[in-house]
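So the structure is just underneath, and the comments pick up after that.
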Amino acid sequence: MDAWLVTRYSDVRAVLADRTMSSRGASSVHVNPNADLDEEVSPGSIIQLDGAAHARLRKKVIAEFTVRRVEAMREYVQELVESHLDAMLARPGHADLVRDFALPIPSLVICELLGVPYADRARFQHQSTTLVSTDATREEGQRAYDELSTYLAGLFDDKRRNPRDDLFSRLISRGGDDPLSTEELVVLGLSLLVAGHETTANMIALSTLVLLEHPSQRDVVLAQPERAVEELLRYLSVVQFGVLRYATADIQVGSRSVKAGEWLVAALNSANRDEDLFPGADKLDFHRESPRTHVAFGFGAHQCLGQQLARVELQEALTRLFRRVPDLRLAAPRESLAFKHNTLVYGVRELPVAWG
């Protein structure tokens, strides 16, 4: 496809904040050769809807992701991290940090929040992997989407009969005069479930790898986890292909004139390495000023709903990991690691580690 590639930090923020920029093309669909850019947006697609339709959905879930609500989950996250570390350390000195630590923790957290049985994780993790793959065929992607949609529709039916203390149940009970349809609930639920564990799991594993390569900086992580996590988010920028926008009006982006009907790709990772805002941007620097100005979670109306939850999970996972296992080390040559170059969210497929 033809699109403007927006790379400077100021231009990326301007594009993402501009209400004339439509998100109807989904976030990174431009890297999928089988994508239909003119496909009708599904009701409930909080990622693709614009204006009042998007605001309506966001309003229904934003209360679940406030700083106060997320902080109330911190103790639960701490207990999860500690229990997984206990299990990992009970083994004879080695583990795959992705399988044993980085993936299960955010999966458990999002299941607890949404009200999805964790016993079903193998099912939705397999489908999530297909949905974020750039190599999956259109048929494979549609099959994964249909299977996960069918699963969620059944789950919502159960929650209508047996409501519990979870986000999905509250979405149903709060319907009032403006209830969400089953289709809206399913599509919204699918977005929350997939995004809720894919990004954070990859950030935990990649952040661990970075800290294994920068051992002198681990003390900052332990002493100032909030600052350290913001710099890791900027430095890693795991949404690796940026986000797609469609111009509904003629606009000026930097020195360029963009016409209505043209596409733009806002490159989040490039913006987060813009030397004008982040001097020495290719260097990991936990003492950097204003680390939270990054756009790792996007910007504007579609900024990531779950960003506060991701921060808590990263803070607790990294500090407790390196406090409990100060001698953690890679158990395989760095050049042997396989990275996720063919998924929408960058990461490492396995992370063999050892200790003791």
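To be explicit about the labels: the chains of the structure tokens are called A, B, and onward in the order shown, and within each one the residues are counted from 1, while ligands get numbers from 1 in the order they are shown.
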Counting only C-alpha atoms, which residues of range 158-246 of chain A fall within 10 Å of range 89-100 of chain A, and what is the closest atom pair for each with its distance in Å at one decimal, ordered by chain and rising number, as a Markdown table?
| residue | atom | partner | partner_atom | distance |
| --- | --- | --- | --- | --- |
| A:Ala201 | CA | A:Val98 | CA | 7.6 |
| A:Asn202 | CA | A:Val98 | CA | 8.1 |
| A:Ile204 | CA | A:Val98 | CA | 8.4 |
| A:Ala205 | CA | A:Val98 | CA | 6.0 |
| A:Leu206 | CA | A:Val98 | CA | 9.3 |
| A:Thr208 | CA | A:Leu97 | CA | 8.8 |
| A:Leu209 | CA | A:Leu97 | CA | 9.7 |
Please produce a file of the residues just selected, as a PDB file, in the first residue's frame, where the atoms kept are C-alpha atoms.
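The result, stored in out21.pdb:
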ATOM      1  CA  ALA A 201       4.340 -10.512  28.285  1.00  0.00           C
ATOM      2  CA  ASN A 202       6.758  -9.436  25.578  1.00  0.00           C
ATOM      3  CA  ILE A 204       8.631  -8.449  30.648  1.00  0.00           C
ATOM      4  CA  ALA A 205      10.802 -10.867  28.670  1.00  0.00           C
ATOM      5  CA  LEU A 206      12.567  -8.198  26.591  1.00  0.00           C
ATOM      6  CA  THR A 208      14.736  -8.899  31.441  1.00  0.00           C
ATOM      7  CA  LEU A 209      17.024  -9.520  28.483  1.00  0.00           C
TER       8      LEU A 209
END
Within 12 Å of Asp219 in chain A, counting only C-alpha atoms, which residues qualify if same-chain residues fewer than 4 places away don't, as JSON, numbers by chain? {"A": [211, 214, 215, 223, 224, 225, 228, 286, 318, 319, 322, 323, 326]}
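Among the residues of range 89-288 of chain A, backbone DSSP assigns strand (DSSP E) to His94, Ala95, Asp96, Val243, Leu244, Arg245, Tyr246, Ala247, Ile251, Gln252, Val253, Arg256, Ser257, Val258, Trp263, Leu264, Val265 and Ala266 of chain A.
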Selection export as a CSV table (one decimal), in the first residue's frame, atoms kept: C-alpha atoms:
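This went into out.csv:
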chain,number,residue,atom,x,y,z
A,94,HIS,CA,17.4,-23.1,34.8
A,95,ALA,CA,14.1,-22.0,33.1
A,96,ASP,CA,12.6,-20.5,30.0
A,243,VAL,CA,-0.2,2.5,14.0
A,244,LEU,CA,-2.2,3.2,10.8
A,245,ARG,CA,-4.3,6.3,10.3
A,246,TYR,CA,-6.5,7.5,7.4
A,247,ALA,CA,-6.8,11.2,6.6
A,251,ILE,CA,-3.9,18.4,6.7
A,252,GLN,CA,-0.3,19.5,7.2
A,253,VAL,CA,2.1,17.1,8.9
A,256,ARG,CA,4.3,17.8,4.2
A,257,SER,CA,0.7,18.3,2.8
A,258,VAL,CA,-1.4,15.2,3.3
A,263,TRP,CA,-3.0,6.8,4.7
A,264,LEU,CA,-0.3,7.5,7.3
A,265,VAL,CA,1.7,5.2,9.5
A,266,ALA,CA,2.7,6.7,12.8
With only C-alpha atoms as the basis for distance, which of A:Ala119, A:Leu180, A:Ala153, A:Ala3 is at the shortest distance from Pro43 in chain A?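 Closest residue, counting only C-alpha atoms: A:Leu180.
Counting only C-alpha atoms, Val70 in chain A has the following residues at most 8 Å away, ignoring those fewer than 3 positions along the same chain: Glu64, Phe65, Thr66, Val67, Met73, Arg74, Gln308, Leu309 and Val312 of chain A.
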Write out, as a CSV table (one decimal), in the first residue's frame, the residues just selected, with all heavy atoms.
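Saved file selection.csv follows:
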chain,number,residue,atom,x,y,z
A,64,GLU,N,-12.4,0.9,34.7
A,64,GLU,CA,-11.8,-0.4,35.1
A,64,GLU,C,-10.2,-0.2,35.1
A,64,GLU,O,-9.5,-1.0,35.7
A,64,GLU,CB,-12.2,-1.5,34.2
A,64,GLU,CG,-13.7,-1.8,34.2
A,64,GLU,CD,-14.2,-2.4,35.4
A,64,GLU,OE1,-13.4,-3.0,36.2
A,64,GLU,OE2,-15.4,-2.4,35.6
A,65,PHE,N,-9.7,0.8,34.4
A,65,PHE,CA,-8.3,1.0,34.2
A,65,PHE,C,-7.7,2.2,34.8
A,65,PHE,O,-6.6,2.7,34.5
A,65,PHE,CB,-8.0,0.9,32.8
A,65,PHE,CG,-8.3,-0.4,32.1
A,65,PHE,CD1,-9.5,-0.6,31.4
A,65,PHE,CD2,-7.4,-1.5,32.2
A,65,PHE,CE1,-9.8,-1.9,30.9
A,65,PHE,CE2,-7.7,-2.7,31.7
A,65,PHE,CZ,-8.9,-2.9,31.0
A,66,THR,N,-8.5,2.9,35.8
A,66,THR,CA,-7.9,4.1,36.4
A,66,THR,C,-6.7,3.7,37.3
A,66,THR,O,-6.6,2.5,37.7
A,66,THR,CB,-9.0,4.7,37.3
A,66,THR,OG1,-9.4,3.8,38.3
A,66,THR,CG2,-10.2,5.1,36.5
A,67,VAL,N,-5.9,4.7,37.7
A,67,VAL,CA,-4.8,4.4,38.6
A,67,VAL,C,-5.3,3.8,39.9
A,67,VAL,O,-4.7,2.8,40.4
A,67,VAL,CB,-4.0,5.7,38.8
A,67,VAL,CG1,-2.9,5.5,39.9
A,67,VAL,CG2,-3.4,6.3,37.5
A,73,MET,N,-5.1,-3.7,42.4
A,73,MET,CA,-4.7,-5.0,41.9
A,73,MET,C,-3.3,-5.3,42.2
A,73,MET,O,-2.8,-6.4,41.9
A,73,MET,CB,-5.0,-5.1,40.4
A,73,MET,CG,-6.5,-5.1,40.1
A,73,MET,SD,-6.7,-5.6,38.3
A,73,MET,CE,-6.2,-7.3,38.3
A,74,ARG,N,-2.5,-4.3,42.7
A,74,ARG,CA,-1.1,-4.5,42.8
A,74,ARG,C,-0.7,-5.7,43.7
A,74,ARG,O,0.2,-6.5,43.5
A,74,ARG,CB,-0.4,-3.2,43.4
A,74,ARG,CG,1.1,-3.3,43.3
A,74,ARG,CD,1.8,-2.0,43.9
A,74,ARG,NE,1.7,-0.9,42.9
A,74,ARG,CZ,2.6,-0.6,42.0
A,74,ARG,NH1,3.6,-1.4,41.8
A,74,ARG,NH2,2.4,0.4,41.2
A,308,GLN,N,-1.8,1.7,32.7
A,308,GLN,CA,-1.5,1.7,34.1
A,308,GLN,C,-1.3,0.3,34.6
A,308,GLN,O,-0.4,0.0,35.5
A,308,GLN,CB,-2.6,2.4,34.9
A,308,GLN,CG,-2.8,3.8,34.5
A,308,GLN,CD,-1.6,4.7,34.6
A,308,GLN,OE1,-0.6,4.4,35.3
A,308,GLN,NE2,-1.6,5.8,33.9
A,309,LEU,N,-2.1,-0.6,34.1
A,309,LEU,CA,-2.0,-2.0,34.5
A,309,LEU,C,-0.6,-2.6,34.1
A,309,LEU,O,0.1,-3.3,34.8
A,309,LEU,CB,-3.1,-2.8,34.0
A,309,LEU,CG,-3.2,-4.3,34.4
A,309,LEU,CD1,-3.2,-4.5,35.9
A,309,LEU,CD2,-4.4,-5.0,33.7
A,312,VAL,N,2.2,-1.5,36.4
A,312,VAL,CA,2.3,-2.2,37.6
A,312,VAL,C,2.8,-3.6,37.4
A,312,VAL,O,3.7,-4.0,38.2
A,312,VAL,CB,0.8,-2.3,38.2
A,312,VAL,CG1,0.8,-3.3,39.4
A,312,VAL,CG2,0.4,-0.9,38.7
Find the spatial neighbours of Val194 in chain A, counting only C-alpha atoms, within a cut-off of 9 Å - ignore same-chain residues fewer than 5 positions away - and output them as a VMD selection string. chain A and resid 124 to 125 127 to 129 131 to 132 189 199
Would you write out those residues with C-alpha atoms, as a PDB file, in the first residue's frame?
ATOM      1  CA  PHE A 124      -6.893 -17.969  23.674  1.00  0.00           C
ATOM      2  CA  GLN A 125      -3.085 -17.752  23.651  1.00  0.00           C
ATOM      3  CA  GLN A 127      -5.563 -17.747  18.803  1.00  0.00           C
ATOM      4  CA  SER A 128      -3.905 -14.524  20.000  1.00  0.00           C
ATOM      5  CA  THR A 129      -0.619 -15.650  18.489  1.00  0.00           C
ATOM      6  CA  LEU A 131      -4.135 -12.780  15.309  1.00  0.00           C
ATOM      7  CA  VAL A 132      -0.906 -10.808  15.875  1.00  0.00           C
ATOM      8  CA  GLY A 189     -13.742  -8.423  24.781  1.00  0.00           C
ATOM      9  CA  THR A 199       2.200  -6.619  24.908  1.00  0.00           C
TER      10      THR A 199
END
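Checking A:Lys59, A:Arg234, A:Arg69, A:Arg143 one by one against Arg174 in chain A, counting only C-alpha atoms, you find the shortest gap at A:Lys59.
Distance-wise, CA of Cys111 in chain A and CA of Leu80 in chain A end up 12.5 Å apart.
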List as number ranges by chain the protein and nucleic acid residues near Ser270 in chain A, meaning an atom at most 9 Å away when only C-alpha atoms are counted, but skip any in the same chain fewer than 3 places from it. A: 6-9, 237, 242, 266-267, 273-274
